[in-house]
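Next comes structure_31.csv, a file with CSV, C-alpha atoms.
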```csv
chain,number,residue,atom,x,y,z
A,34,MET,CA,0.0,0.0,0.0
A,35,HIS,CA,2.8,2.4,0.9
A,36,GLU,CA,4.5,1.7,-2.4
A,37,GLU,CA,1.3,2.6,-4.2
A,38,MET,CA,1.0,5.8,-2.3
A,39,ASP,CA,4.6,6.7,-2.9
A,40,LYS,CA,4.0,6.5,-6.6
A,41,VAL,CA,1.0,8.8,-6.4
A,42,SER,CA,3.0,11.2,-4.3
A,43,ASN,CA,5.8,11.1,-6.9
A,44,GLU,CA,3.3,12.2,-9.5
A,45,LEU,CA,2.2,15.1,-7.3
A,46,ARG,CA,5.8,16.2,-6.9
A,47,ASN,CA,6.4,15.9,-10.6
A,48,PHE,CA,3.4,18.1,-11.3
A,49,ASP,CA,4.6,20.6,-8.7
A,50,VAL,CA,8.0,20.9,-10.4
A,51,GLN,CA,6.3,21.5,-13.7
A,52,LEU,CA,4.0,24.1,-12.2
A,53,ILE,CA,6.9,26.0,-10.7
A,54,LYS,CA,8.6,26.1,-14.1
A,55,LEU,CA,5.4,27.5,-15.7
A,56,TYR,CA,5.1,30.2,-13.0
A,57,LYS,CA,8.7,31.2,-13.8
A,58,GLU,CA,7.9,31.3,-17.5
A,59,SER,CA,4.7,33.3,-16.9
A,60,GLU,CA,6.7,36.2,-15.5
A,61,ASN,CA,7.6,37.2,-19.1
A,62,ASN,CA,4.9,35.4,-21.1
A,63,PRO,CA,1.6,35.1,-19.1
A,64,LYS,CA,-0.6,34.7,-22.3
A,65,GLY,CA,1.6,32.0,-23.6
A,66,VAL,CA,1.5,30.1,-20.3
A,67,ILE,CA,-2.4,30.4,-20.3
A,68,SER,CA,-2.4,28.5,-23.6
A,69,LYS,CA,-0.1,25.9,-22.2
A,70,ILE,CA,-2.4,25.5,-19.1
A,71,ASP,CA,-5.4,25.0,-21.5
A,72,SER,CA,-3.4,22.2,-23.2
A,73,LEU,CA,-2.6,20.6,-19.8
A,74,LEU,CA,-6.2,20.7,-18.7
A,75,VAL,CA,-7.3,18.9,-21.9
A,76,ALA,CA,-4.5,16.3,-21.4
A,77,ASN,CA,-5.5,15.9,-17.7
A,78,LYS,CA,-9.1,15.1,-18.6
A,79,LYS,CA,-7.9,12.3,-20.9
A,80,GLU,CA,-5.3,10.9,-18.5
A,81,THR,CA,-5.7,7.2,-17.9
A,82,ASP,CA,-2.5,6.4,-16.1
A,83,LYS,CA,-3.2,4.5,-12.8
A,84,TYR,CA,-1.3,6.9,-10.6
A,85,LYS,CA,-1.8,10.2,-12.4
A,86,SER,CA,-5.6,9.5,-12.5
A,87,GLN,CA,-5.7,9.6,-8.7
A,88,ILE,CA,-4.5,13.3,-8.7
A,89,LYS,CA,-6.6,14.5,-11.7
A,90,SER,CA,-8.9,16.6,-9.5
A,91,SER,CA,-6.0,18.3,-7.6
A,92,ILE,CA,-4.2,19.1,-10.9
A,93,GLU,CA,-7.4,20.5,-12.4
A,94,SER,CA,-8.0,22.7,-9.4
A,95,SER,CA,-4.4,24.0,-9.4
A,96,LEU,CA,-4.4,24.8,-13.1
A,97,HIS,CA,-7.7,26.7,-12.9
A,98,TYR,CA,-6.4,28.7,-10.0
A,99,PHE,CA,-3.1,29.4,-11.9
A,100,LYS,CA,-5.2,30.7,-14.9
A,101,ALA,CA,-7.2,32.9,-12.5
A,102,GLU,CA,-3.9,34.3,-11.2
A,103,LEU,CA,-2.6,35.0,-14.7
A,104,PHE,CA,-5.8,36.6,-15.9
A,105,TYR,CA,-5.7,38.9,-12.9
A,106,LYS,CA,-2.1,39.7,-13.8
A,107,ILE,CA,-3.0,40.8,-17.3
A,108,GLY,CA,-6.1,42.7,-16.3
A,109,LYS,CA,-8.8,40.2,-17.4
A,110,TYR,CA,-10.7,40.3,-14.1
A,111,ASP,CA,-13.9,38.8,-15.3
A,112,LYS,CA,-12.1,35.9,-16.7
A,113,SER,CA,-10.1,35.5,-13.5
A,114,ILE,CA,-13.4,35.3,-11.6
A,115,SER,CA,-14.7,32.6,-14.0
A,116,GLU,CA,-11.6,30.5,-13.3
A,117,LEU,CA,-12.1,30.9,-9.6
A,118,ASP,CA,-15.7,29.8,-10.0
A,119,PHE,CA,-14.4,26.3,-10.9
A,120,GLU,CA,-14.2,25.6,-7.2
A,121,ASP,CA,-17.1,25.7,-4.8
A,122,TYR,CA,-14.7,26.7,-1.9
A,123,LYS,CA,-14.8,30.5,-1.5
A,124,LYS,CA,-12.9,31.1,1.7
A,125,GLY,CA,-9.2,31.6,2.6
A,126,ASP,CA,-7.0,32.5,-0.3
A,127,ALA,CA,-9.9,32.0,-2.8
A,128,ALA,CA,-11.9,34.7,-1.0
A,129,ILE,CA,-8.9,37.0,-1.1
A,130,ALA,CA,-8.4,36.3,-4.9
A,131,TYR,CA,-12.1,37.1,-5.5
A,132,THR,CA,-11.8,40.3,-3.5
A,133,ALA,CA,-8.7,41.4,-5.6
A,134,ASN,CA,-10.7,41.0,-8.8
A,135,TYR,CA,-13.8,42.8,-7.6
A,136,VAL,CA,-11.8,45.7,-6.2
A,137,LYS,CA,-10.2,46.1,-9.7
A,138,LEU,CA,-13.7,46.0,-11.1
A,139,LYS,CA,-14.7,48.7,-8.5
A,140,ASP,CA,-17.5,46.5,-7.3
A,141,PHE,CA,-16.7,47.2,-3.7
A,142,LYS,CA,-19.9,45.8,-2.2
A,143,THR,CA,-19.1,42.3,-3.6
A,144,ALA,CA,-15.5,42.7,-2.7
A,145,LYS,CA,-16.5,43.3,0.9
A,146,SER,CA,-18.7,40.3,1.0
A,147,PHE,CA,-15.7,38.1,0.0
A,148,ILE,CA,-13.5,39.9,2.5
A,149,ASP,CA,-16.0,39.0,5.2
A,150,SER,CA,-15.9,35.4,4.2
A,151,ILE,CA,-12.1,34.8,4.3
A,152,GLY,CA,-12.0,33.3,7.8
A,153,ARG,CA,-8.8,32.9,9.7
A,154,CYS,CA,-5.8,32.3,7.4
A,155,ASN,CA,-2.4,33.8,6.8
A,156,GLY,CA,-2.9,37.1,5.2
A,157,ASN,CA,-6.5,37.7,6.2
A,158,TYR,CA,-5.9,41.0,8.1
A,159,TYR,CA,-3.4,42.1,5.5
A,160,ALA,CA,-6.0,41.6,2.8
A,161,LEU,CA,-8.5,43.6,4.9
A,162,GLY,CA,-6.0,46.4,5.3
A,163,ASN,CA,-5.5,46.4,1.5
A,164,TYR,CA,-9.3,46.6,1.0
A,165,TYR,CA,-9.6,49.7,3.3
A,166,GLU,CA,-6.8,51.4,1.4
A,167,SER,CA,-8.5,50.6,-1.9
A,168,ILE,CA,-11.7,52.3,-0.8
A,169,GLY,CA,-9.7,55.3,0.5
A,170,ASP,CA,-10.2,54.6,4.2
A,171,LYS,CA,-6.7,55.2,5.5
A,172,THR,CA,-7.7,55.3,9.2
A,173,SER,CA,-9.3,51.8,9.1
A,174,ALA,CA,-6.4,50.5,7.0
A,175,LEU,CA,-3.9,51.6,9.6
A,176,LYS,CA,-6.0,50.3,12.4
A,177,THR,CA,-6.3,46.9,10.7
A,178,TYR,CA,-2.6,46.6,9.9
A,179,LYS,CA,-1.6,47.6,13.5
A,180,TYR,CA,-4.1,45.1,14.9
A,181,ASN,CA,-2.5,42.4,12.6
A,182,LEU,CA,0.9,43.2,14.0
A,183,GLU,CA,-0.3,43.2,17.6
A,184,ASN,CA,-2.3,40.0,17.2
A,185,ASP,CA,0.3,38.1,15.3
A,186,LYS,CA,3.5,38.5,17.2
A,187,SER,CA,4.3,34.8,17.2
A,188,ARG,CA,4.3,34.8,13.4
A,189,LYS,CA,6.7,37.6,12.7
A,190,HIS,CA,8.6,35.5,10.2
A,191,PHE,CA,5.6,35.3,7.9
A,192,ILE,CA,5.8,37.6,4.9
A,193,TYR,CA,2.3,39.0,5.5
A,194,TYR,CA,3.5,40.3,8.9
A,195,LYS,CA,6.4,42.0,7.2
A,196,TRP,CA,4.2,43.5,4.5
A,197,ALA,CA,1.8,44.9,7.2
A,198,GLU,CA,4.8,46.5,8.9
A,199,ARG,CA,5.8,48.1,5.6
A,200,ARG,CA,2.3,49.4,4.9
A,201,VAL,CA,2.1,51.0,8.4
A,202,GLU,CA,5.5,52.7,7.9
A,203,GLU,CA,4.5,54.0,4.5
A,204,LEU,CA,1.0,55.2,5.5
A,205,GLU,CA,2.4,57.0,8.6
A,206,GLN,CA,4.8,58.8,6.2
A,207,ASN,CA,1.8,59.9,4.1
A,208,ARG,CA,2.7,57.7,1.2
A,209,PRO,CA,-0.1,57.1,-1.4
A,210,LEU,CA,-2.7,54.5,-0.6
A,211,ILE,CA,-2.6,51.3,-2.7
A,212,ASN,CA,-5.5,50.5,-4.9
A,213,GLU,CA,-5.4,46.7,-5.0
A,214,ILE,CA,-5.6,43.6,-2.9
A,215,PHE,CA,-2.7,41.1,-3.1
A,216,PHE,CA,-3.6,38.0,-5.1
A,217,PRO,CA,-2.4,34.9,-3.2
A,218,THR,CA,-0.2,32.9,-5.5
A,219,GLY,CA,-0.4,29.2,-6.1
A,220,ASN,CA,3.3,29.0,-6.7
A,221,SER,CA,4.8,26.7,-4.1
A,222,SER,CA,8.2,28.2,-4.5
A,223,PHE,CA,6.9,31.5,-3.2
A,224,GLU,CA,8.4,31.9,0.3
A,225,ILE,CA,5.4,32.8,2.5
A,226,CYS,CA,7.5,32.0,5.6
A,227,GLU,CA,10.9,33.5,5.4
A,228,VAL,CA,12.5,31.3,8.1
A,229,CYS,CA,10.5,28.1,7.4
A,230,ASN,CA,13.7,26.7,5.8
A,231,LEU,CA,15.0,26.4,9.3
A,232,ASP,CA,12.9,23.3,9.8
A,233,ASN,CA,12.5,22.2,6.2
A,234,GLU,CA,13.8,18.7,7.0
A,235,LYS,CA,11.3,18.2,9.8
A,236,ARG,CA,8.5,19.5,7.6
A,237,GLY,CA,9.4,17.2,4.8
A,238,LYS,CA,9.5,14.2,7.0
A,239,ILE,CA,6.1,15.2,8.5
A,240,MET,CA,4.6,15.6,5.0
A,241,LYS,CA,5.7,12.1,4.1
A,242,LEU,CA,4.2,10.7,7.3
A,243,ILE,CA,0.9,12.5,6.7
A,244,GLU,CA,0.7,11.3,3.1
A,245,GLY,CA,0.9,7.8,4.4
A,246,ILE,CA,-2.3,8.0,6.5
A,247,PRO,CA,-5.0,6.1,4.6
A,248,GLU,CA,-7.8,8.6,5.5
A,249,ASN,CA,-6.0,11.3,3.7
A,250,GLN,CA,-5.8,9.5,0.4
A,251,ASN,CA,-9.4,9.8,-0.7
A,252,ASP,CA,-9.6,12.8,-3.0
A,253,TRP,CA,-6.8,14.7,-1.3
A,254,SER,CA,-6.6,18.4,-2.1
A,255,SER,CA,-4.2,20.0,0.3
A,256,THR,CA,-1.9,19.7,3.3
A,257,SER,CA,-1.0,22.7,5.3
A,258,PHE,CA,0.9,23.5,8.5
A,259,LYS,CA,-1.4,25.6,10.8
A,260,GLU,CA,1.1,25.9,13.6
A,261,SER,CA,4.7,25.1,14.3
A,262,PRO,CA,7.0,25.1,17.3
A,263,TYR,CA,8.6,28.2,15.9
A,264,ASP,CA,5.3,30.1,16.1
A,265,THR,CA,3.9,28.7,19.4
A,266,GLY,CA,6.8,27.4,21.5
A,267,LYS,CA,4.8,24.1,21.8
A,268,SER,CA,6.4,20.8,21.1
A,269,TYR,CA,4.3,19.8,18.1
A,270,TYR,CA,3.2,20.8,14.6
A,271,TRP,CA,-0.5,21.2,13.8
A,272,VAL,CA,-1.2,19.9,10.3
A,273,LYS,CA,-4.5,20.2,8.4
A,274,VAL,CA,-5.4,17.9,5.5
A,275,LYS,CA,-8.3,18.5,3.1
A,276,ALA,CA,-9.6,15.5,1.3
A,277,GLY,CA,-12.8,15.8,-0.7
A,278,ASN,CA,-15.4,17.5,1.6
A,279,LYS,CA,-13.5,16.4,4.7
A,280,GLU,CA,-10.9,18.0,6.9
A,281,PHE,CA,-8.5,16.1,9.1
A,282,ASN,CA,-6.3,17.8,11.8
A,283,TYR,CA,-3.2,16.2,13.3
A,284,TYR,CA,-0.7,17.0,16.0
A,285,VAL,CA,2.8,15.8,15.1
A,286,ASP,CA,5.5,15.7,17.9
A,287,GLN,CA,8.6,17.6,16.7
A,288,ASN,CA,11.0,15.1,18.3
A,289,THR,CA,9.3,11.7,18.1
A,290,PHE,CA,7.1,12.5,15.1
A,291,GLU,CA,4.2,10.6,16.8
A,292,ILE,CA,1.0,11.6,15.0
A,293,LYS,CA,-2.2,12.2,17.0
A,294,TYR,CA,-5.7,13.2,15.8
A,295,PHE,CA,-6.9,16.6,16.9
A,296,ASN,CA,-10.6,17.6,16.9
A,297,PRO,CA,-10.6,21.5,16.8
A,298,LYS,CA,-14.3,21.7,17.8
A,299,THR,CA,-14.0,19.7,21.0
A,300,LYS,CA,-10.3,20.5,21.5
A,301,THR,CA,-9.6,16.8,22.1
A,302,VAL,CA,-6.4,15.0,21.1
A,303,MET,CA,-6.2,11.2,20.7
A,304,THR,CA,-4.1,8.5,19.2
A,305,LEU,CA,-4.9,7.5,15.6
A,306,GLU,CA,-5.9,4.1,17.0
A,307,ASP,CA,-8.4,5.5,19.4
A,308,TRP,CA,-9.7,7.9,16.7
A,309,ARG,CA,-10.3,5.1,14.3
A,310,LYS,CA,-12.1,3.0,17.0
A,311,GLY,CA,-14.6,5.8,17.5
A,312,LYS,CA,-15.3,6.5,13.8
```
Let me see the structure of the file written as structure tokens.
Amino acid sequence: MHEEMDKVSNELRNFDVQLIKLYKESENNPKGVISKIDSLLVANKKETDKYKSQIKSSIESSLHYFKAELFYKIGKYDKSISELDFEDYKKGDAAIAYTANYVKLKDFKTAKSFIDSIGRCNGNYYALGNYYESIGDKTSALKTYKYNLENDKSRKHFIYYKWAERRVEELEQNRPLINEIFFPTGNSSFEICEVCNLDNEKRGKIMKLIEGIPENQNDWSSTSFKESPYDTGKSYYWVKVKAGNKEFNYYVDQNTFEIKYFNPKTKTVMTLEDWRKGK
């Protein structure tokens, strides 16, 4: 079973390498890359390989989001929105991406509705500050950025924290307001966390262990680190997995790498064995 999962994971990694190359190419030729994405989408639909077929939905989602990002970059905001509509999920980075487009279209009412739906994720307060700047409300923008900095001290190494610091400095120097929301990139080579490379080896090992959990294999869509010892001072990583319409949360000990299931609603932690007994 593990050999089979490794082969699927290899296909995901191969796709990620291909995606990173396309992101690099799109810096100078976004329209050309959009055409290449269309070809990849067609090929993905026709894919019959045993292992590649298991990640078709993930590839399709990533490619549509990439197109949305590129359409935004070249000013085709309606087309960007159409690509985002491919997914039903409209919170987190997706909500920020929608907001970015609607701000450019000057539909501030719709933009605000997406801002309100972001939820708690990296960059949420920075996006809200961007929104207030875009509508000309400097006071609210400053208040939001400063709240972000005060409320997020444990995550000073994240780029959104540093961007918020920069906006506060520039606004207090009476620099011009910005007129756009940052569009979260799907490029995995973009360094959201400037010091995450300090524990890359641990994170890599944890990712492999999480990939090996059978419950995560059914229509996997994403794996993310919600907390790390560098943020919290705790002894474990909090890892979230989205698979189909389900979410799984795990605590992984940074020293022993023991994995436990975490229920964020009840705040309970249990061994994987006990969790499975109660399913």
For His97 in chain A, the nearest of the candidates A:Glu224, A:Gly219, A:Lys179, A:Ala128, counting only C-alpha atoms:
A:Gly219
Write out as a PyMOL selection string each polymer residue whose atoms come within 10 Å of Ile211 in chain A, counting all atoms listed in the file; drop sequence neighbours fewer than 3 positions from it.
chain A and resi 162-169+171+200+204+208+214
Can you write out the residues you just picked, keeping C-alpha atoms, as a compact mmCIF listing (two decimals), in the coordinates of the input?
```
# COMPACT_ATOMS: atom_id res chain seq x y z
CA GLY A 162 -6.00 46.40 5.30
CA ASN A 163 -5.50 46.40 1.50
CA TYR A 164 -9.30 46.60 1.00
CA TYR A 165 -9.60 49.70 3.30
CA GLU A 166 -6.80 51.40 1.40
CA SER A 167 -8.50 50.60 -1.90
CA ILE A 168 -11.70 52.30 -0.80
CA GLY A 169 -9.70 55.30 0.50
CA LYS A 171 -6.70 55.20 5.50
CA ARG A 200 2.30 49.40 4.90
CA LEU A 204 1.00 55.20 5.50
CA ARG A 208 2.70 57.70 1.20
CA ILE A 214 -5.60 43.60 -2.90
```
Figure out the distance between CA of Ala160 in chain A and CA of Lys124 in chain A, please, to one decimal in Å.
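Spanning CA of Lys124 in chain A to CA of Ala160 in chain A is a straight-line distance of 12.6 Å.
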For Leu175 in chain A, the nearest of the candidates A:Asp140, A:Asp149, A:Glu205, A:Asp252, counting all atoms listed in the file:
A:Glu205
For a quick check of understanding, using only C-alpha atoms, which of A:Lys64, A:Lys100, A:Lys139, A:Arg46 has the smallest distance to Met240 in chain A?
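Selected residue with least distance to Met240 in chain A: A:Arg46.
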Write out as a PyMOL selection string which residues come within 10 Å of range 71-82 of chain A when counting only C-alpha atoms, dropping same-chain ones fewer than 6 positions away.
chain A and resi 88-90+92-94+96-97+100
Can you pull out the residues contacting Glu244 in chain A? Cut-off 8 Å, using all atoms listed in the file, and skip same-chain residues under 6 positions away; I want them as a list in words.
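Neighbouring residues, sequence-local ones excluded: Met38, Ser42 and Gln250 of chain A.
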Near Asn296 in chain A, within 12 Å and counting all atoms listed in the file, which residues show up once chain neighbours fewer than 4 positions away are dropped, as a list of chain:residue names?
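Residues near the query, excluding close chain neighbours: A:Trp271, A:Val272, A:Lys273, A:Glu280, A:Phe281, A:Asn282, A:Tyr283, A:Tyr284, A:Lys300, A:Thr301, A:Val302, A:Met303, A:Thr304, A:Leu305, A:Trp308.
Among the candidates A:Ser68, A:Ser257, A:Thr143, A:Ser222, the one nearest to Tyr270 in chain A when counting only C-alpha atoms is A:Ser257.
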Which of A:Glu37, A:Asp170, A:Glu306, A:Asp286 sits closest to Lys235 in chain A [using all atoms listed in the file]
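Closest candidate: A:Asp286.
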Distance CA of Trp253 in chain A-CA of Tyr110 in chain A, one decimal place?
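Distance between the two atoms: 28.9 Å.
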Provide the CA of Lys279 in chain A to CA of Val41 in chain A distance in Å, to one decimal place.
19.8 Å
In terms of the shortest atom-to-atom distance over only C-alpha atoms, which of A:Ile292, A:Asn233, A:Val201, A:Phe191 is closest to Gly245 in chain A?
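The answer is A:Ile292, which sits nearest to Gly245 in chain A.
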Could you tell me, as a ChimeraX atom specification, which residues have any atom at most 9 Å from (1.2, 34.0, -16.9), counting all atoms listed in the file?
/A:55-67,99-100,102-104,106-107
